[in-house]
Amino acid sequence: MDAFCYRDGELYAEDVPLAQIAASVGTPCYVYARSQLIAAYRTFEAALAGQEALVCYAVKANANLAILATFAALGAGFDIVSAGELERVVAAGGDPRRVVFSGVGKTGAEIERALAHDILCFNVESPAELDRLDAIAARMDKVARVSLRVNPDVDAGTHPYIATGLKENKFGIALAAARDLYRQAARYPHLQFMGVDCHIGSQLTELRPFADALDRVLPLVAELRAQGVPIRHVDVGGGLGIRYREERPPTVEAYVGQVREQLVAHGLADLALLFEPGRALVAAAGVLLTRVEYVKSTDTKHFAVIDAGMNDLIRPALYGAYQVIQTVRARADTPGLDYDVVGPVCESADVFGRSRHLRLQAGDLLVIRDAGAYGFAMASQYNARPRPAEVLVEGNRFAVVRTRETLADLWRGESLPGWEAPL
Ligand code: LLP
């Protein structure tokens, strides 16, 4: 489904004209369509019918409480990477017993919080982390459930910044080393080894790397079970890509179907499946709504200078990512031109799109599509720019689910040291 469609030349979010949101909330702001979040989650659910499984939404993609509450209400689990994400999940009404904790750098304090909440599973990424987890669990008189994150050494075929499954990456534990650690389970009296985990990267647009990774992980599971280690689940991570431009990523059905086939092929049909999708659940359900401040032409180019900057949405600047840009109202009275759509930030990387053919004038509204994942989540206050508002739409109503930051928010928590000498 696409919740962002034109009606009579005007772009809507579900049944709300985006121009109405801009008039009421101002720009830039993120707009999320609740029905599309729900549809995306249900696609996973439907593909997994009859299979013991948990879809753990990767909170890092978009951690707004209203988004988390939507998934919590659907019965989702959550993949977290920090105590902050854990407390967000709890604040949104998520069930900590459905939380898995990923990441290479869990601090002692974070591990304690997660143990206090009795989370489902820790995805452990190093022997040192195992030692720390066992010691903290012992001190708290608890047993921590554990998967080792295996690094299967496969090329995810994605942008190098978001590929994680090669042996030179910091992530995970090599297969052979992981095998040894599982065999030494008795050394860790306060750990229960219950799963095997892997995550090879993000925005994958082919099935092959997923399949290759699982073909390396599943024999380990079978071997461990044969040796009496009661592995109950395999966590296949996140990473399923979306179509930003011309990519043709596998559908959720095809992806999940393949994973299920692989379980059967390896004689592991009873294994529970955990997924950690972020982007595939939220990216297409969000747009960044922005206004053209100036139109500027130089000898060689036309620029549309918008009121959103790379601080609000960093993906194009950081990864050279392509995201579709559309006008909110189709204009017949203005000729189309090829614009570089740029923000106000003082960096030449502050470009949202190059040579985009648009019919626009200063003052017009634009949307940058597929901004629901890694949009607000990666926003900053760079150039002392307050972070934008976030709006959730459902049918014909909308709500501000995060207010725009004020100028005073920019220096909240700052103070002068108090020892300034008179100059
Ligand atoms: N699980 C783990 C352990 C992860 O590290 C990630 C993403 C996910 C799940 C969710 O992956 P997804 O399904 O969203 O691909 N900022 C980048 C993406 C970074 C992904 C980091 N890890 C971007 O904007 O493209």
# chains A, B, ... in the order shown; residues from 1 in each chain; ligands from 1
call {"tool": "closest_atom_pairs", "arguments": {"of": "region 225-249 of chain A", "to": "region 30-53 of chain A", "cutoff": "12 Å", "atoms": "only C-alpha atoms", "output": "CSV"}}
result
residue,atom,partner,partner_atom,distance
A:Arg232,CA,A:Glu52,CA,10.2
A:His233,CA,A:Ala53,CA,8.6
A:Val234,CA,A:Ala53,CA,9.6
A:Asp235,CA,A:Ala53,CA,9.5
A:Val236,CA,A:Ala53,CA,11.0
A:Leu240,CA,A:Phe44,CA,11.5
A:Ile242,CA,A:Ala40,CA,11.6
call {"tool": "write_last_selection", "arguments": {"atoms": "all heavy atoms", "output": "PDB file, in the first residue's frame"}}
result
ATOM      1  N   ARG A 232      16.796 -22.846  20.811  1.00  0.00           N
ATOM      2  CA  ARG A 232      15.355 -22.755  20.538  1.00  0.00           C
ATOM      3  C   ARG A 232      15.023 -21.825  19.382  1.00  0.00           C
ATOM      4  O   ARG A 232      13.989 -21.969  18.739  1.00  0.00           O
ATOM      5  CB  ARG A 232      14.631 -22.248  21.795  1.00  0.00           C
ATOM      6  CG  ARG A 232      14.700 -23.206  22.953  1.00  0.00           C
ATOM      7  CD  ARG A 232      13.368 -23.289  23.676  1.00  0.00           C
ATOM      8  NE  ARG A 232      13.033 -22.039  24.348  1.00  0.00           N
ATOM      9  CZ  ARG A 232      13.272 -21.817  25.638  1.00  0.00           C
ATOM     10  NH1 ARG A 232      13.817 -22.758  26.379  1.00  0.00           N
ATOM     11  NH2 ARG A 232      12.918 -20.685  26.187  1.00  0.00           N
ATOM     12  N   HIS A 233      15.872 -20.835  19.153  1.00  0.00           N
ATOM     13  CA  HIS A 233      15.542 -19.914  18.053  1.00  0.00           C
ATOM     14  C   HIS A 233      16.780 -19.513  17.260  1.00  0.00           C
ATOM     15  O   HIS A 233      17.903 -19.585  17.757  1.00  0.00           O
ATOM     16  CB  HIS A 233      14.804 -18.665  18.567  1.00  0.00           C
ATOM     17  CG  HIS A 233      15.654 -17.661  19.289  1.00  0.00           C
ATOM     18  ND1 HIS A 233      15.443 -17.302  20.602  1.00  0.00           N
ATOM     19  CD2 HIS A 233      16.707 -16.908  18.879  1.00  0.00           C
ATOM     20  CE1 HIS A 233      16.328 -16.395  20.959  1.00  0.00           C
ATOM     21  NE2 HIS A 233      17.107 -16.136  19.937  1.00  0.00           N
ATOM     22  N   VAL A 234      16.512 -19.111  16.044  1.00  0.00           N
ATOM     23  CA  VAL A 234      17.551 -18.429  15.273  1.00  0.00           C
ATOM     24  C   VAL A 234      17.019 -17.035  14.971  1.00  0.00           C
ATOM     25  O   VAL A 234      15.855 -16.851  14.609  1.00  0.00           O
ATOM     26  CB  VAL A 234      17.947 -19.220  14.001  1.00  0.00           C
ATOM     27  CG1 VAL A 234      16.806 -19.319  13.010  1.00  0.00           C
ATOM     28  CG2 VAL A 234      19.142 -18.562  13.317  1.00  0.00           C
ATOM     29  N   ASP A 235      17.872 -16.043  15.212  1.00  0.00           N
ATOM     30  CA  ASP A 235      17.523 -14.648  14.969  1.00  0.00           C
ATOM     31  C   ASP A 235      18.235 -14.253  13.682  1.00  0.00           C
ATOM     32  O   ASP A 235      19.470 -14.255  13.625  1.00  0.00           O
ATOM     33  CB  ASP A 235      17.999 -13.815  16.169  1.00  0.00           C
ATOM     34  CG  ASP A 235      17.682 -12.327  16.035  1.00  0.00           C
ATOM     35  OD1 ASP A 235      17.506 -11.854  14.894  1.00  0.00           O
ATOM     36  OD2 ASP A 235      17.641 -11.638  17.066  1.00  0.00           O
ATOM     37  N   VAL A 236      17.462 -13.953  12.643  1.00  0.00           N
ATOM     38  CA  VAL A 236      18.071 -13.696  11.338  1.00  0.00           C
ATOM     39  C   VAL A 236      18.373 -12.214  11.114  1.00  0.00           C
ATOM     40  O   VAL A 236      18.769 -11.808  10.020  1.00  0.00           O
ATOM     41  CB  VAL A 236      17.207 -14.248  10.185  1.00  0.00           C
ATOM     42  CG1 VAL A 236      17.079 -15.758  10.296  1.00  0.00           C
ATOM     43  CG2 VAL A 236      15.839 -13.600  10.142  1.00  0.00           C
ATOM     44  N   LEU A 240      16.268  -6.253   5.432  1.00  0.00           N
ATOM     45  CA  LEU A 240      15.519  -6.320   4.173  1.00  0.00           C
ATOM     46  C   LEU A 240      15.362  -4.913   3.602  1.00  0.00           C
ATOM     47  O   LEU A 240      14.885  -4.004   4.278  1.00  0.00           O
ATOM     48  CB  LEU A 240      14.149  -6.970   4.416  1.00  0.00           C
ATOM     49  CG  LEU A 240      13.297  -7.197   3.171  1.00  0.00           C
ATOM     50  CD1 LEU A 240      14.002  -8.149   2.200  1.00  0.00           C
ATOM     51  CD2 LEU A 240      11.924  -7.742   3.539  1.00  0.00           C
ATOM     52  N   ILE A 242      14.299  -1.717   0.901  1.00  0.00           N
ATOM     53  CA  ILE A 242      13.076  -1.211   0.286  1.00  0.00           C
ATOM     54  C   ILE A 242      13.445  -0.578  -1.053  1.00  0.00           C
ATOM     55  O   ILE A 242      14.615  -0.402  -1.371  1.00  0.00           O
ATOM     56  CB  ILE A 242      12.363  -0.163   1.178  1.00  0.00           C
ATOM     57  CG1 ILE A 242      13.219   1.105   1.320  1.00  0.00           C
ATOM     58  CG2 ILE A 242      12.015  -0.728   2.536  1.00  0.00           C
ATOM     59  CD1 ILE A 242      12.392   2.363   1.389  1.00  0.00           C
TER      60      ILE A 242
END
call {"tool": "residues_near_ligand", "arguments": {"ligand": "ligand 1", "cutoff": "8 Å", "atoms": "only C-alpha atoms and all ligand atoms", "output": "ChimeraX atom specification"}}
result
/A:57-58,60-61,79,81,102-103,161-162,164,198-199,201-204,237-241,276-281,314-315,319,321,373-375,378
call {"tool": "closest_residue", "arguments": {"among": "A:Asp307, A:Glu223, A:Glu253, A:Glu420", "to": "Leu268 (chain A)", "atoms": "only C-alpha atoms"}}
result
A:Glu223
call {"tool": "residues_around", "arguments": {"residues": "Glu206 (chain A)", "least_positions_apart": "5", "cutoff": "9 Å", "atoms": "only C-alpha atoms", "output": "ChimeraX atom specification"}}
result
/A:156-157,240-241,248-250
call {"tool": "write_last_selection", "arguments": {"atoms": "N, CA, C and O atoms", "output": "PDB file, in the first residue's frame"}}
result
ATOM      1  N   ALA A 156      27.128  -8.537   1.990  1.00  0.00           N
ATOM      2  CA  ALA A 156      25.708  -8.197   1.890  1.00  0.00           C
ATOM      3  C   ALA A 156      25.398  -7.426   0.613  1.00  0.00           C
ATOM      4  O   ALA A 156      24.239  -7.219   0.270  1.00  0.00           O
ATOM      5  N   GLY A 157      26.425  -6.968  -0.078  1.00  0.00           N
ATOM      6  CA  GLY A 157      26.203  -6.248  -1.329  1.00  0.00           C
ATOM      7  C   GLY A 157      25.493  -4.928  -1.123  1.00  0.00           C
ATOM      8  O   GLY A 157      24.718  -4.494  -1.967  1.00  0.00           O
ATOM      9  N   LEU A 240      16.268  -6.253   5.432  1.00  0.00           N
ATOM     10  CA  LEU A 240      15.519  -6.320   4.173  1.00  0.00           C
ATOM     11  C   LEU A 240      15.362  -4.913   3.602  1.00  0.00           C
ATOM     12  O   LEU A 240      14.885  -4.004   4.278  1.00  0.00           O
ATOM     13  N   GLY A 241      15.757  -4.748   2.358  1.00  0.00           N
ATOM     14  CA  GLY A 241      15.763  -3.427   1.736  1.00  0.00           C
ATOM     15  C   GLY A 241      14.384  -3.003   1.260  1.00  0.00           C
ATOM     16  O   GLY A 241      13.438  -3.791   1.212  1.00  0.00           O
ATOM     17  N   ARG A 248      14.908  -3.467  -6.698  1.00  0.00           N
ATOM     18  CA  ARG A 248      13.806  -4.429  -6.666  1.00  0.00           C
ATOM     19  C   ARG A 248      14.066  -5.412  -5.533  1.00  0.00           C
ATOM     20  O   ARG A 248      14.453  -6.558  -5.771  1.00  0.00           O
ATOM     21  N   PRO A 249      13.881  -4.962  -4.310  1.00  0.00           N
ATOM     22  CA  PRO A 249      14.171  -5.851  -3.181  1.00  0.00           C
ATOM     23  C   PRO A 249      13.173  -7.000  -3.146  1.00  0.00           C
ATOM     24  O   PRO A 249      12.066  -6.884  -3.675  1.00  0.00           O
ATOM     25  N   PRO A 250      13.571  -8.118  -2.550  1.00  0.00           N
ATOM     26  CA  PRO A 250      12.625  -9.210  -2.415  1.00  0.00           C
ATOM     27  C   PRO A 250      11.435  -8.765  -1.572  1.00  0.00           C
ATOM     28  O   PRO A 250      11.569  -7.897  -0.712  1.00  0.00           O
TER      29      PRO A 250
END
call {"tool": "atom_distance", "arguments": {"atom1": "CA of Gly395 (chain A)", "atom2": "CA of Arg331 (chain A)"}}
result
25.8 Å
call {"tool": "closest_atom_pairs", "arguments": {"of": "region 91-161 of chain A", "to": "region 170-192 of chain A", "cutoff": "6 Å", "atoms": "only C-alpha atoms", "output": "JSON lines"}}
result
{"residue": "A:Glu125", "atom": "CA", "partner": "A:Gly172", "partner_atom": "CA", "distance": 4.6}
{"residue": "A:Asp134", "atom": "CA", "partner": "A:His190", "partner_atom": "CA", "distance": 5.3}
{"residue": "A:Ala137", "atom": "CA", "partner": "A:His190", "partner_atom": "CA", "distance": 5.9}
{"residue": "A:Ala138", "atom": "CA", "partner": "A:His190", "partner_atom": "CA", "distance": 5.8}
{"residue": "A:Val143", "atom": "CA", "partner": "A:His190", "partner_atom": "CA", "distance": 4.6}
{"residue": "A:Ala144", "atom": "CA", "partner": "A:Leu191", "partner_atom": "CA", "distance": 4.8}
{"residue": "A:Arg145", "atom": "CA", "partner": "A:Gln192", "partner_atom": "CA", "distance": 4.7}
{"residue": "A:Val146", "atom": "CA", "partner": "A:Gln192", "partner_atom": "CA", "distance": 5.8}
{"residue": "A:Arg149", "atom": "CA", "partner": "A:Gly172", "partner_atom": "CA", "distance": 4.8}
{"residue": "A:Val150", "atom": "CA", "partner": "A:Ile173", "partner_atom": "CA", "distance": 4.8}
{"residue": "A:Asn151", "atom": "CA", "partner": "A:Gly172", "partner_atom": "CA", "distance": 4.7}
call {"tool": "write_last_selection", "arguments": {"atoms": "all heavy atoms", "output": "PDB file, in the first residue's frame"}}
result
ATOM      1  N   GLU A 125      28.136 -10.322  21.417  1.00  0.00           N
ATOM      2  CA  GLU A 125      29.021 -10.140  20.269  1.00  0.00           C
ATOM      3  C   GLU A 125      30.487 -10.417  20.545  1.00  0.00           C
ATOM      4  O   GLU A 125      31.326 -10.233  19.660  1.00  0.00           O
ATOM      5  CB  GLU A 125      28.858  -8.714  19.724  1.00  0.00           C
ATOM      6  CG  GLU A 125      27.419  -8.390  19.327  1.00  0.00           C
ATOM      7  CD  GLU A 125      27.321  -7.575  18.051  1.00  0.00           C
ATOM      8  OE1 GLU A 125      28.306  -7.473  17.312  1.00  0.00           O
ATOM      9  OE2 GLU A 125      26.223  -7.048  17.806  1.00  0.00           O
ATOM     10  N   ASP A 134      27.714 -12.667  32.358  1.00  0.00           N
ATOM     11  CA  ASP A 134      27.626 -13.740  33.366  1.00  0.00           C
ATOM     12  C   ASP A 134      27.879 -13.170  34.766  1.00  0.00           C
ATOM     13  O   ASP A 134      27.161 -13.495  35.720  1.00  0.00           O
ATOM     14  CB  ASP A 134      28.648 -14.835  33.031  1.00  0.00           C
ATOM     15  CG  ASP A 134      28.470 -16.062  33.907  1.00  0.00           C
ATOM     16  OD1 ASP A 134      27.336 -16.602  33.960  1.00  0.00           O
ATOM     17  OD2 ASP A 134      29.453 -16.480  34.551  1.00  0.00           O
ATOM     18  N   ALA A 137      24.881 -10.976  35.842  1.00  0.00           N
ATOM     19  CA  ALA A 137      23.728 -11.831  36.145  1.00  0.00           C
ATOM     20  C   ALA A 137      23.943 -12.541  37.481  1.00  0.00           C
ATOM     21  O   ALA A 137      23.012 -12.667  38.297  1.00  0.00           O
ATOM     22  CB  ALA A 137      23.504 -12.835  35.015  1.00  0.00           C
ATOM     23  N   ALA A 138      25.173 -12.978  37.742  1.00  0.00           N
ATOM     24  CA  ALA A 138      25.481 -13.651  39.018  1.00  0.00           C
ATOM     25  C   ALA A 138      25.220 -12.692  40.174  1.00  0.00           C
ATOM     26  O   ALA A 138      24.555 -13.040  41.157  1.00  0.00           O
ATOM     27  CB  ALA A 138      26.939 -14.119  39.021  1.00  0.00           C
ATOM     28  N   VAL A 143      19.432 -15.372  35.638  1.00  0.00           N
ATOM     29  CA  VAL A 143      19.995 -16.110  34.506  1.00  0.00           C
ATOM     30  C   VAL A 143      19.672 -15.305  33.244  1.00  0.00           C
ATOM     31  O   VAL A 143      18.511 -14.967  33.002  1.00  0.00           O
ATOM     32  CB  VAL A 143      19.404 -17.529  34.411  1.00  0.00           C
ATOM     33  CG1 VAL A 143      19.833 -18.200  33.114  1.00  0.00           C
ATOM     34  CG2 VAL A 143      19.831 -18.354  35.618  1.00  0.00           C
ATOM     35  N   ALA A 144      20.701 -14.970  32.476  1.00  0.00           N
ATOM     36  CA  ALA A 144      20.499 -14.206  31.244  1.00  0.00           C
ATOM     37  C   ALA A 144      20.366 -15.178  30.075  1.00  0.00           C
ATOM     38  O   ALA A 144      21.187 -16.078  29.918  1.00  0.00           O
ATOM     39  CB  ALA A 144      21.671 -13.267  31.011  1.00  0.00           C
ATOM     40  N   ARG A 145      19.335 -14.964  29.269  1.00  0.00           N
ATOM     41  CA  ARG A 145      19.193 -15.774  28.049  1.00  0.00           C
ATOM     42  C   ARG A 145      20.069 -15.150  26.946  1.00  0.00           C
ATOM     43  O   ARG A 145      20.092 -13.925  26.802  1.00  0.00           O
ATOM     44  CB  ARG A 145      17.725 -15.828  27.641  1.00  0.00           C
ATOM     45  CG  ARG A 145      16.876 -16.698  28.562  1.00  0.00           C
ATOM     46  CD  ARG A 145      15.395 -16.562  28.267  1.00  0.00           C
ATOM     47  NE  ARG A 145      14.917 -15.252  28.650  1.00  0.00           N
ATOM     48  CZ  ARG A 145      14.447 -14.956  29.866  1.00  0.00           C
ATOM     49  NH1 ARG A 145      14.388 -15.877  30.811  1.00  0.00           N
ATOM     50  NH2 ARG A 145      14.046 -13.729  30.156  1.00  0.00           N
ATOM     51  N   VAL A 146      20.732 -16.017  26.204  1.00  0.00           N
ATOM     52  CA  VAL A 146      21.781 -15.541  25.298  1.00  0.00           C
ATOM     53  C   VAL A 146      21.696 -16.196  23.920  1.00  0.00           C
ATOM     54  O   VAL A 146      21.421 -17.398  23.802  1.00  0.00           O
ATOM     55  CB  VAL A 146      23.169 -15.858  25.921  1.00  0.00           C
ATOM     56  CG1 VAL A 146      24.282 -15.670  24.907  1.00  0.00           C
ATOM     57  CG2 VAL A 146      23.424 -15.001  27.155  1.00  0.00           C
ATOM     58  N   ARG A 149      25.935 -13.663  18.501  1.00  0.00           N
ATOM     59  CA  ARG A 149      25.818 -13.117  17.151  1.00  0.00           C
ATOM     60  C   ARG A 149      26.991 -13.615  16.338  1.00  0.00           C
ATOM     61  O   ARG A 149      28.143 -13.270  16.591  1.00  0.00           O
ATOM     62  CB  ARG A 149      25.817 -11.598  17.164  1.00  0.00           C
ATOM     63  CG  ARG A 149      25.811 -11.011  15.759  1.00  0.00           C
ATOM     64  CD  ARG A 149      25.531  -9.551  15.767  1.00  0.00           C
ATOM     65  NE  ARG A 149      25.669  -8.954  14.449  1.00  0.00           N
ATOM     66  CZ  ARG A 149      25.492  -7.676  14.204  1.00  0.00           C
ATOM     67  NH1 ARG A 149      25.173  -6.868  15.182  1.00  0.00           N
ATOM     68  NH2 ARG A 149      25.615  -7.208  12.987  1.00  0.00           N
ATOM     69  N   VAL A 150      26.657 -14.454  15.378  1.00  0.00           N
ATOM     70  CA  VAL A 150      27.674 -15.058  14.538  1.00  0.00           C
ATOM     71  C   VAL A 150      27.957 -14.131  13.359  1.00  0.00           C
ATOM     72  O   VAL A 150      27.032 -13.555  12.784  1.00  0.00           O
ATOM     73  CB  VAL A 150      27.156 -16.437  14.046  1.00  0.00           C
ATOM     74  CG1 VAL A 150      28.012 -16.964  12.931  1.00  0.00           C
ATOM     75  CG2 VAL A 150      27.082 -17.402  15.208  1.00  0.00           C
ATOM     76  N   ASN A 151      29.217 -13.989  13.032  1.00  0.00           N
ATOM     77  CA  ASN A 151      29.589 -13.233  11.828  1.00  0.00           C
ATOM     78  C   ASN A 151      29.865 -14.248  10.720  1.00  0.00           C
ATOM     79  O   ASN A 151      30.891 -14.915  10.725  1.00  0.00           O
ATOM     80  CB  ASN A 151      30.829 -12.382  12.108  1.00  0.00           C
ATOM     81  CG  ASN A 151      31.203 -11.515  10.904  1.00  0.00           C
ATOM     82  OD1 ASN A 151      30.981 -11.912   9.759  1.00  0.00           O
ATOM     83  ND2 ASN A 151      31.757 -10.345  11.164  1.00  0.00           N
TER      84      ASN A 151
END
call {"tool": "select_by_dssp", "arguments": {"residues": "region 277-390 of chain A", "states": "strand (DSSP E)", "output": "MDAnalysis selection string"}}
result
chainID A and resid 286:297 302:306 325:327 337:342 351:358 365:368 389:390
call {"tool": "select_by_dssp", "arguments": {"residues": "region 57-257 of chain A", "states": "helix (DSSP H, G or I)", "output": "PyMOL selection string"}}
result
chain A and resi 59-61+65-73+83-91+96-98+108-116+127-139+160-162+175-183+185-187+208-226+252-257
call {"tool": "closest_residue", "arguments": {"among": "A:Arg359, A:Arg329, A:Arg387, A:Arg354", "to": "Asn311 (chain A)", "atoms": "only C-alpha atoms"}}
result
A:Arg387
